[in-house]
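Reproduced below: final.cif, with mmCIF, C-alpha atoms.
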data_query
#
loop_
_atom_site.label_atom_id
_atom_site.label_comp_id
_atom_site.auth_asym_id
_atom_site.auth_seq_id
_atom_site.Cartn_x
_atom_site.Cartn_y
_atom_site.Cartn_z
CA MET A 1 0.00 0.00 0.00
CA THR A 2 1.26 3.51 0.60
CA THR A 3 4.89 3.63 1.51
CA SER A 4 7.21 6.41 2.41
CA ARG A 5 10.89 6.53 2.97
CA LEU A 6 10.46 8.78 5.97
CA LEU A 7 7.60 7.25 7.84
CA PRO A 8 7.16 3.59 6.91
CA ASN A 9 5.66 2.53 10.23
CA LEU A 10 3.34 5.47 10.49
CA TRP A 11 2.05 4.83 7.02
CA ALA A 12 1.39 1.22 7.83
CA ASN A 13 -0.70 2.40 10.76
CA PHE A 14 -2.50 4.93 8.63
CA ASP A 15 -3.36 2.20 6.17
CA ARG A 16 -4.79 0.07 8.92
CA LEU A 17 -6.76 3.04 10.14
CA HIS A 18 -7.99 3.63 6.61
CA GLY A 19 -9.21 0.08 6.42
CA GLU A 20 -11.02 0.45 9.73
CA MET A 21 -12.59 3.70 8.67
CA ASP A 22 -13.67 2.26 5.35
CA ARG A 23 -15.39 -0.58 7.11
CA LEU A 24 -17.02 1.76 9.59
CA LEU A 25 -18.25 4.08 6.90
CA GLU A 26 -19.22 1.39 4.42
CA GLY A 27 -22.83 1.70 3.48
CA TRP A 28 -23.13 5.28 4.65
CA GLY A 29 -21.78 6.72 1.44
CA VAL A 30 -19.71 9.29 3.25
CA ASP A 31 -16.18 8.02 2.83
CA LEU A 32 -15.37 10.12 -0.20
CA THR A 33 -12.53 11.94 1.47
CA ARG A 34 -11.11 9.19 3.64
CA GLY A 35 -10.37 12.31 5.64
CA LEU A 36 -8.60 12.85 8.96
CA VAL A 37 -5.38 11.20 7.87
CA PRO A 38 -3.05 12.31 5.11
CA SER A 39 -3.55 10.41 1.89
CA TYR A 40 -1.36 10.42 -1.18
CA PRO A 41 -1.85 11.91 -3.65
CA PRO A 42 -3.77 15.00 -2.49
CA VAL A 43 -6.90 15.51 -4.59
CA ASN A 44 -9.65 17.95 -5.38
CA VAL A 45 -13.02 16.54 -6.42
CA TRP A 46 -15.99 18.42 -7.78
CA GLU A 47 -19.11 17.66 -9.78
CA ASP A 48 -21.65 19.16 -12.07
CA ALA A 49 -24.80 17.63 -13.57
CA ASP A 50 -22.83 15.55 -16.12
CA ALA A 51 -19.61 14.45 -14.50
CA PHE A 52 -17.25 14.22 -11.57
CA TYR A 53 -13.87 15.90 -11.89
CA VAL A 54 -10.75 14.89 -10.00
CA GLU A 55 -7.36 16.56 -9.94
CA ALA A 56 -4.37 15.05 -8.14
CA GLU A 57 -0.89 16.35 -7.37
CA LEU A 58 1.64 13.95 -8.90
CA PRO A 59 4.85 15.91 -9.48
CA GLY A 60 7.70 14.14 -11.25
CA MET A 61 5.58 11.30 -12.56
CA ASN A 62 4.81 10.30 -16.12
CA GLN A 63 1.89 8.34 -17.62
CA GLU A 64 3.68 5.01 -17.37
CA GLN A 65 4.07 5.37 -13.61
CA ILE A 66 0.35 5.90 -12.93
CA GLN A 67 -2.52 3.43 -13.20
CA ILE A 68 -6.10 4.63 -13.09
CA SER A 69 -8.96 2.18 -12.72
CA VAL A 70 -12.67 2.20 -11.97
CA THR A 71 -14.24 -0.61 -9.95
CA HIS A 72 -17.71 -1.24 -8.54
CA LYS A 73 -19.05 1.43 -10.94
CA ASN A 74 -18.19 4.27 -8.57
CA GLN A 75 -14.73 3.64 -7.12
CA LEU A 76 -11.79 5.40 -8.64
CA MET A 77 -8.41 3.93 -7.84
CA LEU A 78 -5.16 5.80 -8.39
CA GLN A 79 -2.03 3.68 -8.11
CA GLY A 80 1.55 4.25 -9.00
CA GLU A 81 5.09 4.65 -7.97
CA ARG A 82 7.36 7.59 -7.65
CA LEU A 83 10.85 6.36 -8.34
CA ASP A 84 13.85 7.06 -6.18
CA GLN A 85 16.67 8.70 -8.06
CA GLU A 86 19.71 7.51 -6.22
CA PRO A 87 22.76 9.12 -7.76
CA GLU A 88 25.89 7.10 -8.29
CA LYS A 89 27.98 9.67 -6.52
CA GLY A 90 27.32 12.65 -4.36
CA ARG A 91 25.39 13.06 -1.14
CA TRP A 92 21.98 14.32 -0.12
CA HIS A 93 21.81 17.39 2.10
CA ARG A 94 18.05 17.30 2.26
CA ARG A 95 15.44 14.77 1.22
CA GLU A 96 11.85 15.84 1.70
CA ARG A 97 10.29 14.64 -1.54
CA GLY A 98 9.03 11.17 -0.77
CA PHE A 99 9.11 8.22 -3.10
CA GLY A 100 7.65 4.76 -3.24
CA ARG A 101 4.38 3.11 -4.15
CA PHE A 102 1.01 4.70 -3.49
CA GLN A 103 -2.62 3.76 -3.80
CA ARG A 104 -5.70 5.81 -3.16
CA VAL A 105 -9.35 4.92 -3.65
CA LEU A 106 -12.05 7.55 -4.01
CA LYS A 107 -15.60 6.37 -3.67
CA LEU A 108 -17.85 8.63 -5.70
CA PRO A 109 -21.45 9.15 -4.63
CA LEU A 110 -22.89 7.98 -7.98
CA PRO A 111 -21.95 5.40 -10.64
CA ILE A 112 -19.79 6.62 -13.51
CA ASP A 113 -19.39 5.58 -17.13
CA ALA A 114 -15.98 3.88 -16.93
CA ASP A 115 -15.61 3.75 -20.74
CA LYS A 116 -15.75 7.52 -21.06
CA VAL A 117 -13.26 8.50 -18.37
CA GLU A 118 -10.68 10.97 -19.66
CA ALA A 119 -7.29 11.57 -18.08
CA LYS A 120 -4.65 14.21 -18.68
CA LEU A 121 -1.30 14.60 -16.94
CA GLU A 122 0.29 18.02 -17.25
CA HIS A 123 2.88 19.84 -15.13
CA GLY A 124 2.66 17.12 -12.48
CA LEU A 125 -1.09 17.52 -12.13
CA LEU A 126 -3.42 14.68 -13.09
CA GLN A 127 -6.83 15.81 -14.32
CA LEU A 128 -9.69 13.35 -14.70
CA THR A 129 -13.17 13.75 -16.12
CA LEU A 130 -15.52 10.97 -15.02
CA PRO A 131 -18.90 11.23 -16.78
CA LYS A 132 -21.80 10.09 -14.65
CA ALA A 133 -23.60 6.95 -15.82
CA GLU A 134 -26.76 7.74 -17.78
CA GLU A 135 -28.97 6.26 -15.08
CA ALA A 136 -27.32 8.47 -12.47
CA LYS A 137 -27.87 11.77 -14.23
CA PRO A 138 -30.57 14.06 -12.96
CA ARG A 139 -33.69 13.81 -15.06
CA LYS A 140 -36.18 16.49 -15.67
CA ILE A 141 -39.70 15.12 -15.39
CA ALA A 142 -42.22 16.81 -17.56
CA VAL A 143 -45.40 17.56 -15.70
CA LYS A 144 -48.47 17.27 -17.89
CA ALA A 145 -51.22 19.71 -17.44
CA GLU A 146 -54.64 18.09 -17.39
CA MET B 1 -4.23 31.21 4.58
CA SER B 2 -5.64 34.47 3.35
CA GLU B 3 -8.99 35.19 1.87
CA LEU B 4 -9.38 37.63 -0.93
CA VAL B 5 -12.77 39.02 -1.57
CA THR B 6 -13.24 40.11 -5.14
CA LYS B 7 -16.38 41.22 -6.87
CA THR B 8 -17.65 39.84 -10.13
CA ASN B 9 -20.87 41.19 -11.54
CA GLY B 10 -21.49 42.89 -8.26
CA ASN B 11 -21.51 39.64 -6.29
CA PRO B 12 -18.73 39.13 -3.77
CA VAL B 13 -16.72 35.97 -4.40
CA VAL B 14 -14.38 34.67 -1.75
CA GLN B 15 -11.22 33.23 -3.23
CA ARG B 16 -8.94 31.38 -0.90
CA ARG B 17 -5.28 31.46 -1.73
CA VAL B 18 -2.46 29.93 0.21
CA THR B 19 1.31 29.99 0.23
CA TYR B 20 2.80 26.53 0.23
CA THR B 21 6.28 25.50 1.30
CA PRO B 22 7.33 23.04 -1.40
CA SER B 23 9.20 19.81 -0.65
CA VAL B 24 12.85 19.92 -1.63
CA ASP B 25 15.74 17.54 -2.22
CA ILE B 26 19.28 18.92 -2.26
CA LEU B 27 22.03 16.84 -3.78
CA GLU B 28 25.71 17.65 -3.71
CA LEU B 29 27.73 16.30 -6.61
CA PRO B 30 31.50 16.77 -6.99
CA ASP B 31 31.09 19.81 -9.23
CA GLU B 32 27.60 21.15 -8.49
CA LEU B 33 24.65 21.37 -6.13
CA VAL B 34 21.30 20.19 -7.51
CA LEU B 35 17.99 21.30 -6.03
CA LEU B 36 14.77 19.45 -6.81
CA VAL B 37 11.56 21.25 -5.87
CA ASP B 38 8.06 19.77 -6.18
CA LEU B 39 5.78 22.31 -7.85
CA PRO B 40 2.72 20.33 -9.00
CA GLY B 41 0.48 22.18 -11.43
CA VAL B 42 2.97 25.00 -12.04
CA LYS B 43 3.95 26.08 -15.55
CA ALA B 44 7.55 27.07 -16.30
CA GLU B 45 6.62 30.69 -16.99
CA ASN B 46 5.20 31.03 -13.49
CA VAL B 47 8.42 30.04 -11.73
CA ASP B 48 10.89 32.62 -10.48
CA VAL B 49 14.36 31.56 -9.31
CA HIS B 50 16.58 34.21 -7.78
CA PHE B 51 20.12 34.04 -6.42
CA GLU B 52 21.75 36.87 -4.54
CA ARG B 53 24.54 36.91 -1.98
CA GLY B 54 24.37 33.23 -1.30
CA GLU B 55 20.60 33.14 -0.95
CA LEU B 56 18.54 31.20 -3.42
CA THR B 57 14.82 31.93 -3.51
CA VAL B 58 12.19 30.01 -5.42
CA LYS B 59 8.75 31.47 -5.97
CA ALA B 60 6.05 29.92 -8.10
CA ARG B 61 2.39 30.47 -8.80
CA ARG B 62 -0.18 27.78 -9.46
CA GLU B 63 -3.14 28.89 -11.51
CA ALA B 64 -6.59 27.77 -10.53
CA THR B 65 -8.16 24.99 -12.59
CA PRO B 66 -11.43 26.30 -14.02
CA LYS B 67 -14.15 24.53 -12.06
CA SER B 68 -17.87 24.29 -12.55
CA GLY B 69 -20.45 22.83 -10.22
CA ARG B 70 -19.80 22.15 -6.57
CA ALA B 71 -16.74 21.03 -4.66
CA LEU B 72 -16.81 17.64 -2.91
CA VAL B 73 -13.22 17.39 -1.70
CA GLU B 74 -10.72 20.22 -1.46
CA GLU B 75 -7.25 19.19 -0.36
CA PHE B 76 -5.17 21.78 -2.18
CA LEU B 77 -5.76 25.26 -3.49
CA PRO B 78 -4.33 27.55 -6.13
CA GLY B 79 -1.74 29.92 -4.77
CA GLU B 80 1.94 30.46 -4.31
CA PHE B 81 4.90 28.25 -3.55
CA SER B 82 7.75 30.00 -1.81
CA ARG B 83 11.03 28.91 -0.29
CA GLY B 84 14.50 30.29 0.33
CA PHE B 85 17.86 28.67 0.99
CA LEU B 86 21.18 29.92 2.21
CA ILE B 87 23.86 28.27 0.10
CA SER B 88 27.06 28.02 2.07
CA GLN B 89 28.98 26.58 -0.87
CA ASP B 90 30.84 28.91 -3.17
CA VAL B 91 28.80 28.68 -6.38
CA ALA B 92 29.30 30.26 -9.79
CA ALA B 93 26.27 32.57 -9.75
CA ASP B 94 26.45 33.34 -13.46
CA GLN B 95 26.25 29.66 -14.40
CA ILE B 96 23.15 28.71 -12.43
CA THR B 97 20.53 27.05 -14.63
CA ALA B 98 16.99 25.91 -13.90
CA GLU B 99 14.37 23.83 -15.69
CA VAL B 100 10.87 22.59 -14.94
CA LYS B 101 9.59 19.19 -16.02
CA ASP B 102 6.42 17.40 -14.93
CA GLY B 103 5.91 19.85 -12.09
CA VAL B 104 9.41 19.48 -10.66
CA LEU B 105 11.90 22.35 -10.69
CA LYS B 106 15.55 21.38 -11.04
CA VAL B 107 18.17 24.01 -10.26
CA HIS B 108 21.83 23.40 -11.05
CA LEU B 109 24.31 25.44 -9.01
CA PRO B 110 27.82 24.77 -10.35
CA LYS B 111 30.55 25.16 -7.77
CA SER B 112 32.94 28.00 -8.53
CA GLN B 113 36.36 26.98 -9.75
CA ALA B 114 37.94 28.14 -6.51
CA ALA B 115 35.71 25.80 -4.52
CA LEU B 116 36.40 22.66 -6.51
CA PRO B 117 38.61 20.06 -4.86
CA ARG B 118 42.11 20.12 -6.22
CA ARG B 119 44.84 17.63 -6.11
CA ILE B 120 48.01 19.22 -4.86
CA ALA B 121 51.19 17.84 -6.28
CA VAL B 122 53.69 17.06 -3.59
CA LYS B 123 57.23 17.72 -4.63
CA GLY B 124 60.06 15.59 -3.44
CA ALA B 125 62.91 17.45 -1.88
#
For this file, produce the structure as structure tokens.
Amino acid sequence: MTTSRLLPNLWANFDRLHGEMDRLLEGWGVDLTRGLVPSYPPVNVWEDADAFYVEAELPGMNQEQIQISVTHKNQLMLQGERLDQEPEKGRWHRRERGFGRFQRVLKLPLPIDADKVEAKLEHGLLQLTLPKAEEAKPRKIAVKAE
Amino acid sequence: MSELVTKTNGNPVVQRRVTYTPSVDILELPDELVLLVDLPGVKAENVDVHFERGELTVKARREATPKSGRALVEEFLPGEFSRGFLISQDVAADQITAEVKDGVLKVHLPKSQAALPRRIAVKGA
């Protein structure tokens, strides 16, 4: 799951906590944020009538290092790995940018059309458009006058 | 975090902007220092790197993604990245170069000739 060079044990605990929270919140439909504990990558999520939009901070990563998948119609999973760049010579004075594998699941409140998901990675920012499934879109009901 | 209140079409709109401290790696190689700075979502033209009297400052601006509809999760905001470093090494200020790729700024600070390690020939008497 999520690993970090700096805080491996803490992350392991966070992951356990995540699992607990997911179980607790399962069925309530409120675990979109998985909040309270830091998750990687940081995301923004918003929606309009047609789609959900997700942006995620992924500096220094290219398309090949990121996998995006949709499961259970409404769960978006971001997985990947930020590679360590260990130089052959030289020494580090400071190392704050983490590296390692990550995984984050976002449970969206409505089903999405997985075939029409669009993804763009630019300047280290991943931008996703996730169209809502037809059956999930708001419908205007015509009221007939008698 | 500061809040700017601007008016569009007469309606006040609160825009939150923040200043972030970016994560940094600093690597010392035999002939240069290399700084790596995470600046996700920042375009090259919005990055400013300044070096003066041994102090390197990095400032960058992240533009807001145009958004419609309503926010569900907000974990980061548009705004500024800012950080400064005192470089104790003697660097050749006129040869500093910087590039941005995939949201990571890389600054090369070549050591000045005087600061490079030198092998001193030992003469026999």
Self-check item: Selection dump of the PyMOL selection byres ((chain A) within 8 of (chain B)), as an MDAnalysis selection string
Solution: chainID A and resid 32:33 42:49 57:62 89:97 122:125
Please save C-alpha atoms of the selected residues as a compact mmCIF listing (two decimals), in the frame of the given file.
# COMPACT_ATOMS: atom_id res chain seq x y z
CA LEU A 32 -15.37 10.12 -0.20
CA THR A 33 -12.53 11.94 1.47
CA PRO A 42 -3.77 15.00 -2.49
CA VAL A 43 -6.90 15.51 -4.59
CA ASN A 44 -9.65 17.95 -5.38
CA VAL A 45 -13.02 16.54 -6.42
CA TRP A 46 -15.99 18.42 -7.78
CA GLU A 47 -19.11 17.66 -9.78
CA ASP A 48 -21.65 19.16 -12.07
CA ALA A 49 -24.80 17.63 -13.57
CA GLU A 57 -0.89 16.35 -7.37
CA LEU A 58 1.64 13.95 -8.90
CA PRO A 59 4.85 15.91 -9.48
CA GLY A 60 7.70 14.14 -11.25
CA MET A 61 5.58 11.30 -12.56
CA ASN A 62 4.81 10.30 -16.12
CA LYS A 89 27.98 9.67 -6.52
CA GLY A 90 27.32 12.65 -4.36
CA ARG A 91 25.39 13.06 -1.14
CA TRP A 92 21.98 14.32 -0.12
CA HIS A 93 21.81 17.39 2.10
CA ARG A 94 18.05 17.30 2.26
CA ARG A 95 15.44 14.77 1.22
CA GLU A 96 11.85 15.84 1.70
CA ARG A 97 10.29 14.64 -1.54
CA GLU A 122 0.29 18.02 -17.25
CA HIS A 123 2.88 19.84 -15.13
CA GLY A 124 2.66 17.12 -12.48
CA LEU A 125 -1.09 17.52 -12.13
Quiz item: Which of these residues is nearest to Gln85 of chain A, using all atoms listed in the file: A:Gln103, A:Glu55, A:Gly98, A:Lys137?
Solution: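 Nearest to Gln85 of chain A: A:Gly98.
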Quiz item: Any idea what's packed within 8 Å of segment 83-90 of chain B, counting only C-alpha atoms, ignoring anything in its chain fewer than 3 positions away? Could you give it as a PyMOL selection string?
Solution: chain B and resi 21-22+54-59+111-112+114-115
Quiz item: Which value, in Å to one decimal, gives the distance between atom CA of Asp115 of chain A and atom CA of Glu135 of chain A?
Solution: 14.7 Å
Centre, x/y/z edge lengths, axis-aligned box for segment 111-118 of chain B with 5 Å per side, as AutoDock Vina command-line options:
--center_x 36.3 --center_y 24.1 --center_z -7.1 --size_x 21.6 --size_y 18.1 --size_z 15.2
Which residues, named as in the file, does the PyMOL selection byres ((chain B and resi 62) around 7) pick out? Answer as a PDB file with C-alpha atoms, keeping the file's coordinate frame.
ATOM      1  CA  GLY B  41       0.480  22.180 -11.430  1.00  0.00           C
ATOM      2  CA  VAL B  42       2.970  25.000 -12.040  1.00  0.00           C
ATOM      3  CA  ALA B  60       6.050  29.920  -8.100  1.00  0.00           C
ATOM      4  CA  ARG B  61       2.390  30.470  -8.800  1.00  0.00           C
ATOM      5  CA  GLU B  63      -3.140  28.890 -11.510  1.00  0.00           C
ATOM      6  CA  ALA B  64      -6.590  27.770 -10.530  1.00  0.00           C
ATOM      7  CA  PRO B  78      -4.330  27.550  -6.130  1.00  0.00           C
ATOM      8  CA  GLY B  79      -1.740  29.920  -4.770  1.00  0.00           C
ATOM      9  CA  GLU B  80       1.940  30.460  -4.310  1.00  0.00           C
TER      10      GLU B  80
END
For the provided coordinates, the residues matched by the PyMOL selection byres ((chain A and resi 133) around 10) should be stated as a PDB file with C-alpha atoms, keeping the file's coordinate frame.
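out.pdb, written as the output of this step:
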ATOM      1  CA  ASP A  50     -22.830  15.550 -16.120  1.00  0.00           C
ATOM      2  CA  ALA A  51     -19.610  14.450 -14.500  1.00  0.00           C
ATOM      3  CA  LYS A  73     -19.050   1.430 -10.940  1.00  0.00           C
ATOM      4  CA  ASN A  74     -18.190   4.270  -8.570  1.00  0.00           C
ATOM      5  CA  LEU A 110     -22.890   7.980  -7.980  1.00  0.00           C
ATOM      6  CA  PRO A 111     -21.950   5.400 -10.640  1.00  0.00           C
ATOM      7  CA  ILE A 112     -19.790   6.620 -13.510  1.00  0.00           C
ATOM      8  CA  ASP A 113     -19.390   5.580 -17.130  1.00  0.00           C
ATOM      9  CA  ALA A 114     -15.980   3.880 -16.930  1.00  0.00           C
ATOM     10  CA  ASP A 115     -15.610   3.750 -20.740  1.00  0.00           C
ATOM     11  CA  LYS A 116     -15.750   7.520 -21.060  1.00  0.00           C
ATOM     12  CA  LEU A 130     -15.520  10.970 -15.020  1.00  0.00           C
ATOM     13  CA  PRO A 131     -18.900  11.230 -16.780  1.00  0.00           C
ATOM     14  CA  LYS A 132     -21.800  10.090 -14.650  1.00  0.00           C
ATOM     15  CA  GLU A 134     -26.760   7.740 -17.780  1.00  0.00           C
ATOM     16  CA  GLU A 135     -28.970   6.260 -15.080  1.00  0.00           C
ATOM     17  CA  ALA A 136     -27.320   8.470 -12.470  1.00  0.00           C
ATOM     18  CA  LYS A 137     -27.870  11.770 -14.230  1.00  0.00           C
TER      19      LYS A 137
END
Practice problem: Enter the distance from atom CA of Arg101 of chain A to atom CA of Val47 of chain B, in Å, rounded to one decimal. | Solution: 28.3 Å
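Here atom CA of Gln75 of chain A is placed at a distance of 16.9 Å from atom CA of Leu126 of chain A.
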